[in-house]
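Okay, structure first, notes after.
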Amino acid sequence: MRQRYFSGIQPTGKLHIGNYLGAIKSWIELQDDYEGIFGIVDYHAITEPYSPKEMPKRIIDTALDYLAAGLDPAKSTLMVQSLVPEHTEMAWILNSITPVSWVERVPTYKEKARKLGVSVNMGLLGYPILMAADIVLYKSAVVPVGEDQLPHLELAREIVRAFNNRYGHTFPEPQAYVGVGARIMSLTEPTKKMSKSLGPRNYIALSDEPAVIRDKISKAVTDIGPGGGEMSPGTKNLFNLMSLFSTKETYQHFMRLYNERKIRYSDMKQKLADDIISALGPIRERRAALSLRPEYVKALLIEGSKDARKIAKQTLLEVKEKMGLLYFHEQLEEAA
Ligand code: AMP
Ligand code: TRP
C-alpha cells in the first residue's frame, strides 16, 4: 500500500513558478510511491481579505494549475478543504491541546500581527493548527512544501507529540519534504520570496504567455557591472532559476562568464526566458485545453473531496473514541 499524505495550496489566484518548484514538482515526483491528497485550502485563504465573488473561480483556477502541472487524477486525489468539514472539526480538537504560546511564536503570525495590530483575527492565529489538522487527518508522515512552511511543520510535529502523549499513539510525526526550488525569490524585490502579494511583476505564473515571461525576466533586478565577486540577491536568484530550468552546460557557461567578469545580463536573461518558456509550454497547453472543460474539473474535485472525506471521517472516529467523545455513533449513522 502506498503511504498517504496531504499537501495544499491556497486558492489565491494563478500559481507561480515558486509554488511549482517549491511544492507541486515534489508532489509529481512522489505520486507513484505515495498516495497524495492535494487540497485547495480555501479555509486558510479566508483568514485574509478576499473577494467572495471570485472564490469559486479561484478554486477552479488552482485545480487547473494542479492538473496542467502534471498531477494525475488516476494516482492522486484533488479536493477542496471546505467540502470536508472534518478538517475544521479536527482543528478544534487540536486547538484544545495547543498552548497559545506555541502559535504566538510562529514567524508568519508574528509578522501579520505586527502589521495588522488589533485587527489580527483568530483565523490567522489558528492558521497553523488548521494546517496540522489537514496533515493528521490523513496520517501524513511526509509533507512536501517550500522552505517558508518549515515553522508550520515544526509546530505540527509538536502538536502531534502532544496529542500522542495525551491520548495514545495515533499519528506519525510529519516530516517536511523540501523540493528542489525550496525558495524562489521575487524578480523585482529579490530579498523577498516570490509571492502573489508583491504584484504580477515579481512572479512568473505557470500560465503566463511567452511574451509576458520574456518581459518579466528582462526586467528582473540584477547587478550592474560585469560580474565577479559576491553575487547580489537578484543575480543569485536568476542563476538559481537557470539551474532549475536550463541545462547544466548553459548554467556553467554563464557562471564561467560571471566569474570571468564578462557576463552580459541581457544574454543570460534571454536564454533563461527561452528555457522557462519551453519548460512551461506543455503546462500552458494542457491548461488551455482543460480550461475548456470546467465541468470535468469540477467533477474531479467533487469526487476527490468525497474520497478524502471517507478517510477523514475514519480518522476522526478513531480520535473521538480515544478522547471519550464517541456517543450514539452507530445509531446516528443509521439515522443519517
Ligand atoms: P501558498 O501559495 O503560500 O499557498 O504556497 C503553496 C506552496 O508553495 C507551499 O508549499 C509553499 O512553501 C510553496 N511556495 C510558495 N512560494 C514559494 C517560493 N517563492 N519559493 C518556493 N516555494 C514556494
Ligand atoms: N500553509 C500552506 C501555504 O500557505 C498551505 C497548506 C495548508 C498546507 N494546509 C497544508 C501545506 C497542509 C501542506 C500541508 O503554503
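Identifiers for the C-alpha cells are assigned positionally: chains receive A, B, ... in sequence, residues are indexed from 1 per chain, and ligands are indexed from 1 in the order shown.
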Residues within 8 Å of range 107-113 of chain A, only C-alpha atoms, excluding chain neighbours under 5 positions, as a ChimeraX atom specification: /A:118,120,124-125,151
Take the residues that were just selected and, keeping N, CA and C atoms, output them as a compact mmCIF listing (two decimals), in the first residue's frame.
# COMPACT_ATOMS: atom_id res chain seq x y z
N VAL A 118 -4.38 45.39 16.26
CA VAL A 118 -5.56 44.82 16.92
C VAL A 118 -6.50 44.11 15.95
N VAL A 120 -5.80 41.83 13.86
CA VAL A 120 -5.40 40.47 13.52
C VAL A 120 -6.47 39.50 14.02
N LEU A 124 -5.97 33.81 11.75
CA LEU A 124 -4.53 33.91 11.48
C LEU A 124 -3.72 33.23 12.58
N LEU A 125 -4.19 33.36 13.80
CA LEU A 125 -3.51 32.69 14.92
C LEU A 125 -3.66 31.16 14.79
N PRO A 151 8.46 26.31 9.63
CA PRO A 151 7.99 26.55 11.00
C PRO A 151 6.61 25.94 11.27
Write out as a PyMOL selection string each polymer residue (protein, DNA or RNA) that has an atom no more than 7 Å from ligand 2, with only C-alpha atoms and all ligand atoms counted. chain A and resi 6-10+41+44+128+130-132+134-135+143-145+149
Name all residues at most 9 Å from range 59-66 of chain A (count only C-alpha atoms; drop same-chain ones fewer than 2 positions away) and give them as a VMD selection string. chain A and resid 9 to 15 24 38 40 to 42 54 to 57 68 to 72 78 to 80 206 to 207 283 to 284 286 to 288 290 to 291 294 297 to 298 301
May I have a table of the residues of chain A lying at most 7 Å from ligand 1, giving each one's closest pair of atoms and their distance in Å to one decimal, counting only C-alpha atoms and all ligand atoms, ordered by chain and ascending residue number, as CSV?
residue,atom,partner,partner_atom_place_in_ligand_line,distance
A:Gly8,CA,ligand 1,6 (C),6.5
A:Ile9,CA,ligand 1,4 (O),3.8
A:Gln10,CA,ligand 1,4 (O),4.1
A:Gly18,CA,ligand 1,18 (C),3.8
A:Asn19,CA,ligand 1,8 (O),3.6
A:Tyr20,CA,ligand 1,8 (O),6.8
A:Leu21,CA,ligand 1,21 (C),6.1
A:Gly22,CA,ligand 1,22 (N),3.5
A:Ala23,CA,ligand 1,10 (O),4.7
A:Pro144,CA,ligand 1,10 (O),6.7
A:Val145,CA,ligand 1,10 (O),3.4
A:Gly146,CA,ligand 1,12 (O),3.0
A:Glu147,CA,ligand 1,12 (O),5.5
A:Asp148,CA,ligand 1,12 (O),5.0
A:Gln149,CA,ligand 1,12 (O),5.0
A:Gly181,CA,ligand 1,21 (C),5.6
A:Ala182,CA,ligand 1,21 (C),4.6
A:Arg183,CA,ligand 1,20 (N),3.6
A:Ile184,CA,ligand 1,20 (N),3.8
A:Met185,CA,ligand 1,19 (N),5.4
A:Lys193,CA,ligand 1,19 (N),4.4
A:Met194,CA,ligand 1,19 (N),3.8
A:Ser195,CA,ligand 1,16 (N),5.6
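For the choices A:Ser305, A:Ser278, A:Glu318, A:Ile204, the atom-to-atom distance to His16 in chain A is smallest for A:Ile204 when using only C-alpha atoms.
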Show which residues sit within 12 Å of range 215-230 of chain A, as a VMD selection string. Count only C-alpha atoms, and ignore same-chain residues fewer than 4 positions away. chain A and resid 185 to 191 194 199 to 205 208 to 211 234 to 239 241 to 242 254 to 277
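Among A:Arg309, A:Val212, A:Asp33, A:Ala336, the residue with the shortest atom-to-atom distance to Met1 in chain A, counting only C-alpha atoms, is A:Asp33.
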If we count only C-alpha atoms and set the cut-off at 10 Å, which residues sit around Pro85 in chain A, ignoring sequence neighbours fewer than 3 positions away in its own chain? Please answer as a VMD selection string. chain A and resid 81 to 82 88 to 90 309 312 to 313
Go ahead and save the residues from that selection, with N, CA, C and O atoms, as a PDB file, in the first residue's frame.
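Saved the output as result06.pdb:
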ATOM      1  N   GLN A  81     -10.795  21.860   0.630  1.00  0.00           N
ATOM      2  CA  GLN A  81     -10.790  21.731   2.095  1.00  0.00           C
ATOM      3  C   GLN A  81     -12.175  21.949   2.725  1.00  0.00           C
ATOM      4  O   GLN A  81     -12.601  21.161   3.567  1.00  0.00           O
ATOM      5  N   SER A  82     -12.894  22.981   2.298  1.00  0.00           N
ATOM      6  CA  SER A  82     -14.166  23.282   2.974  1.00  0.00           C
ATOM      7  C   SER A  82     -15.250  22.257   2.649  1.00  0.00           C
ATOM      8  O   SER A  82     -16.299  22.234   3.289  1.00  0.00           O
ATOM      9  N   THR A  88     -12.132  21.194   9.845  1.00  0.00           N
ATOM     10  CA  THR A  88     -12.331  22.209  10.896  1.00  0.00           C
ATOM     11  C   THR A  88     -12.656  21.538  12.229  1.00  0.00           C
ATOM     12  O   THR A  88     -12.303  22.056  13.288  1.00  0.00           O
ATOM     13  N   GLU A  89     -13.304  20.386  12.176  1.00  0.00           N
ATOM     14  CA  GLU A  89     -13.607  19.668  13.414  1.00  0.00           C
ATOM     15  C   GLU A  89     -12.302  19.206  14.084  1.00  0.00           C
ATOM     16  O   GLU A  89     -12.110  19.361  15.292  1.00  0.00           O
ATOM     17  N   MET A  90     -11.415  18.673  13.264  1.00  0.00           N
ATOM     18  CA  MET A  90     -10.117  18.224  13.773  1.00  0.00           C
ATOM     19  C   MET A  90      -9.321  19.411  14.315  1.00  0.00           C
ATOM     20  O   MET A  90      -8.620  19.306  15.328  1.00  0.00           O
ATOM     21  N   ARG A 309     -13.022  12.586   2.185  1.00  0.00           N
ATOM     22  CA  ARG A 309     -13.887  12.636   3.362  1.00  0.00           C
ATOM     23  C   ARG A 309     -14.027  11.271   4.032  1.00  0.00           C
ATOM     24  O   ARG A 309     -14.117  11.181   5.265  1.00  0.00           O
ATOM     25  N   ALA A 312     -10.993  10.944   6.123  1.00  0.00           N
ATOM     26  CA  ALA A 312     -11.019  11.917   7.221  1.00  0.00           C
ATOM     27  C   ALA A 312     -12.007  11.485   8.306  1.00  0.00           C
ATOM     28  O   ALA A 312     -11.729  11.582   9.505  1.00  0.00           O
ATOM     29  N   LYS A 313     -13.155  10.961   7.878  1.00  0.00           N
ATOM     30  CA  LYS A 313     -14.174  10.502   8.833  1.00  0.00           C
ATOM     31  C   LYS A 313     -13.634   9.363   9.697  1.00  0.00           C
ATOM     32  O   LYS A 313     -13.864   9.322  10.904  1.00  0.00           O
TER      33      LYS A 313
END
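With only C-alpha atoms as the atoms that count, the residue of A:Gly304, A:Glu295, A:Lys320, A:Arg2 with the shortest distance to Pro73 in chain A is A:Gly304.
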For the atom pair CA of Pro172 in chain A and CA of Arg157 in chain A, what is the interatomic distance in Å to one decimal place?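 CA of Arg157 in chain A lies at a distance of 8.6 Å from CA of Pro172 in chain A.
Nearest to Ile213 in chain A of all the residues A:Val142, A:Ala279, A:Ile311, A:Val100 is A:Ala279, counting only C-alpha atoms.
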Please give the complete set of residues from range 105-223 of chain A that DSSP, run on the backbone, assigns to helix (DSSP H, G or I), formatted as a PDB file with C-alpha atoms, in the first residue's frame.
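The result, stored in states.pdb:
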ATOM      1  CA  PRO A 107       7.012  33.728  12.356  1.00  0.00           C
ATOM      2  CA  THR A 108       4.186  34.171   9.799  1.00  0.00           C
ATOM      3  CA  TYR A 109       1.754  35.014  12.591  1.00  0.00           C
ATOM      4  CA  LYS A 110       4.192  37.393  14.302  1.00  0.00           C
ATOM      5  CA  GLU A 111       4.717  39.257  11.058  1.00  0.00           C
ATOM      6  CA  LYS A 112       0.996  39.550  10.336  1.00  0.00           C
ATOM      7  CA  ALA A 113       0.209  40.540  13.920  1.00  0.00           C
ATOM      8  CA  ARG A 114       2.837  43.280  13.740  1.00  0.00           C
ATOM      9  CA  LYS A 115       1.341  44.618  10.508  1.00  0.00           C
ATOM     10  CA  LEU A 116      -2.316  44.330  11.470  1.00  0.00           C
ATOM     11  CA  GLY A 117      -2.186  45.200  15.187  1.00  0.00           C
ATOM     12  CA  VAL A 118      -5.564  44.818  16.917  1.00  0.00           C
ATOM     13  CA  SER A 119      -7.324  43.752  13.716  1.00  0.00           C
ATOM     14  CA  MET A 122      -8.279  34.407  15.326  1.00  0.00           C
ATOM     15  CA  GLY A 123      -8.054  32.583  11.985  1.00  0.00           C
ATOM     16  CA  LEU A 124      -4.526  33.906  11.476  1.00  0.00           C
ATOM     17  CA  LEU A 125      -3.509  32.692  14.921  1.00  0.00           C
ATOM     18  CA  GLY A 126      -5.131  29.307  14.308  1.00  0.00           C
ATOM     19  CA  TYR A 127      -3.826  29.018  10.725  1.00  0.00           C
ATOM     20  CA  PRO A 128      -1.040  26.502  11.542  1.00  0.00           C
ATOM     21  CA  ILE A 129      -3.438  24.465  13.696  1.00  0.00           C
ATOM     22  CA  LEU A 130      -5.830  24.033  10.774  1.00  0.00           C
ATOM     23  CA  MET A 131      -2.790  23.071   8.698  1.00  0.00           C
ATOM     24  CA  ALA A 132      -1.813  20.477  11.321  1.00  0.00           C
ATOM     25  CA  ALA A 133      -5.398  19.153  11.149  1.00  0.00           C
ATOM     26  CA  ASP A 134      -5.098  18.827   7.338  1.00  0.00           C
ATOM     27  CA  ILE A 135      -1.931  16.814   7.828  1.00  0.00           C
ATOM     28  CA  VAL A 136      -3.024  14.481  10.641  1.00  0.00           C
ATOM     29  CA  LEU A 137      -6.439  13.608   9.192  1.00  0.00           C
ATOM     30  CA  GLU A 147      11.008  26.294   2.794  1.00  0.00           C
ATOM     31  CA  ASP A 148       8.670  29.022   4.109  1.00  0.00           C
ATOM     32  CA  GLN A 149       6.414  26.315   5.575  1.00  0.00           C
ATOM     33  CA  LEU A 150       9.069  24.740   7.819  1.00  0.00           C
ATOM     34  CA  PRO A 151       7.991  26.550  11.002  1.00  0.00           C
ATOM     35  CA  HIS A 152       4.421  25.330  10.401  1.00  0.00           C
ATOM     36  CA  LEU A 153       5.662  21.747  10.030  1.00  0.00           C
ATOM     37  CA  GLU A 154       7.705  22.067  13.213  1.00  0.00           C
ATOM     38  CA  LEU A 155       4.584  23.169  15.071  1.00  0.00           C
ATOM     39  CA  ALA A 156       2.555  20.325  13.532  1.00  0.00           C
ATOM     40  CA  ARG A 157       5.125  17.867  14.920  1.00  0.00           C
ATOM     41  CA  GLU A 158       4.848  19.409  18.391  1.00  0.00           C
ATOM     42  CA  ILE A 159       1.062  19.171  18.248  1.00  0.00           C
ATOM     43  CA  VAL A 160       1.249  15.535  17.128  1.00  0.00           C
ATOM     44  CA  ARG A 161       3.572  14.724  20.040  1.00  0.00           C
ATOM     45  CA  ALA A 162       1.205  16.461  22.465  1.00  0.00           C
ATOM     46  CA  PHE A 163      -1.770  14.529  21.094  1.00  0.00           C
ATOM     47  CA  ASN A 164       0.000  11.161  21.089  1.00  0.00           C
ATOM     48  CA  ASN A 165       1.208  11.739  24.665  1.00  0.00           C
ATOM     49  CA  ARG A 166      -2.200  12.612  25.960  1.00  0.00           C
ATOM     50  CA  TYR A 167      -4.442  10.172  24.115  1.00  0.00           C
ATOM     51  CA  LYS A 196       1.456  36.887  -5.434  1.00  0.00           C
ATOM     52  CA  SER A 197       1.111  39.554  -2.787  1.00  0.00           C
ATOM     53  CA  LEU A 198       4.048  41.541  -4.230  1.00  0.00           C
ATOM     54  CA  PRO A 200       2.379  40.494 -11.015  1.00  0.00           C
ATOM     55  CA  ARG A 201       5.844  41.800 -11.994  1.00  0.00           C
ATOM     56  CA  ASN A 202       7.531  39.872  -9.209  1.00  0.00           C
ATOM     57  CA  PRO A 210       5.761  33.635 -23.632  1.00  0.00           C
ATOM     58  CA  ALA A 211       5.874  37.389 -24.304  1.00  0.00           C
ATOM     59  CA  VAL A 212       4.929  38.104 -20.698  1.00  0.00           C
ATOM     60  CA  ILE A 213       7.620  35.731 -19.383  1.00  0.00           C
ATOM     61  CA  ARG A 214      10.227  37.363 -21.611  1.00  0.00           C
ATOM     62  CA  ASP A 215       9.229  40.823 -20.435  1.00  0.00           C
ATOM     63  CA  LYS A 216       9.236  39.898 -16.736  1.00  0.00           C
ATOM     64  CA  ILE A 217      12.651  38.202 -16.942  1.00  0.00           C
ATOM     65  CA  SER A 218      14.126  41.086 -18.934  1.00  0.00           C
TER      66      SER A 218
END
Report, in Å to a single decimal, how far apart CA of Gln314 in chain A and CA of His329 in chain A are. 12.3 Å
For Gln3 in chain A, which of A:Ser96, A:Val106, A:Lys139, A:Leu67 is the closest residue, counting only C-alpha atoms?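 Closest residue, counting only C-alpha atoms: A:Lys139.
Relative to CA of Glu35 in chain A, CA of Arg293 in chain A is found at 25.3 Å.
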Those in range 57-273 of chain A with strand (DSSP E or B) from DSSP, as a ChimeraX atom specification: /A:77-80,142-145,175-178,185,193,205
Let me see the file: selected residues, N, CA, C and O atoms, as a compact mmCIF listing (two decimals), in the first residue's frame.
# COMPACT_ATOMS: atom_id res chain seq x y z
N THR A 77 -5.43 12.37 -5.33
CA THR A 77 -6.75 12.89 -5.05
C THR A 77 -6.70 14.41 -4.95
O THR A 77 -5.87 14.96 -4.23
N LEU A 78 -7.59 15.07 -5.69
CA LEU A 78 -7.69 16.53 -5.60
C LEU A 78 -8.95 16.85 -4.80
O LEU A 78 -10.01 16.28 -5.07
N MET A 79 -8.83 17.74 -3.83
CA MET A 79 -10.01 18.03 -3.01
C MET A 79 -10.06 19.50 -2.60
O MET A 79 -9.08 20.22 -2.70
N VAL A 80 -11.24 19.91 -2.13
CA VAL A 80 -11.42 21.27 -1.62
C VAL A 80 -11.62 21.16 -0.11
O VAL A 80 -12.50 20.44 0.36
N VAL A 142 5.04 12.36 5.57
CA VAL A 142 5.85 13.36 4.85
C VAL A 142 4.91 14.45 4.35
O VAL A 142 3.74 14.18 4.08
N VAL A 143 5.43 15.67 4.26
CA VAL A 143 4.63 16.75 3.72
C VAL A 143 5.52 17.60 2.80
O VAL A 143 6.39 18.33 3.28
N PRO A 144 5.33 17.48 1.48
CA PRO A 144 6.15 18.27 0.57
C PRO A 144 5.69 19.73 0.51
O PRO A 144 4.55 20.02 0.17
N VAL A 145 6.60 20.62 0.88
CA VAL A 145 6.31 22.07 0.92
C VAL A 145 7.57 22.85 0.59
O VAL A 145 8.67 22.30 0.62
N GLN A 175 7.20 14.79 8.63
CA GLN A 175 8.47 15.40 8.24
C GLN A 175 8.27 16.21 6.96
O GLN A 175 7.59 15.75 6.05
N ALA A 176 8.90 17.38 6.91
CA ALA A 176 8.82 18.18 5.69
C ALA A 176 9.68 17.55 4.60
O ALA A 176 10.74 17.00 4.89
N TYR A 177 9.21 17.61 3.38
CA TYR A 177 9.99 17.17 2.22
C TYR A 177 10.16 18.42 1.37
O TYR A 177 9.21 18.87 0.72
N VAL A 178 11.34 19.02 1.44
CA VAL A 178 11.54 20.29 0.75
C VAL A 178 12.14 20.03 -0.63
O VAL A 178 13.17 19.38 -0.75
N MET A 185 12.99 33.50 -5.24
CA MET A 185 12.84 34.88 -4.79
C MET A 185 12.08 35.71 -5.83
O MET A 185 11.97 35.34 -7.00
N LYS A 193 10.61 36.47 -0.83
CA LYS A 193 10.26 35.29 -1.65
C LYS A 193 9.23 35.68 -2.71
O LYS A 193 8.44 36.62 -2.51
N ALA A 205 3.74 33.39 -13.57
CA ALA A 205 2.66 32.41 -13.39
C ALA A 205 2.89 31.24 -14.34
O ALA A 205 3.47 31.42 -15.41
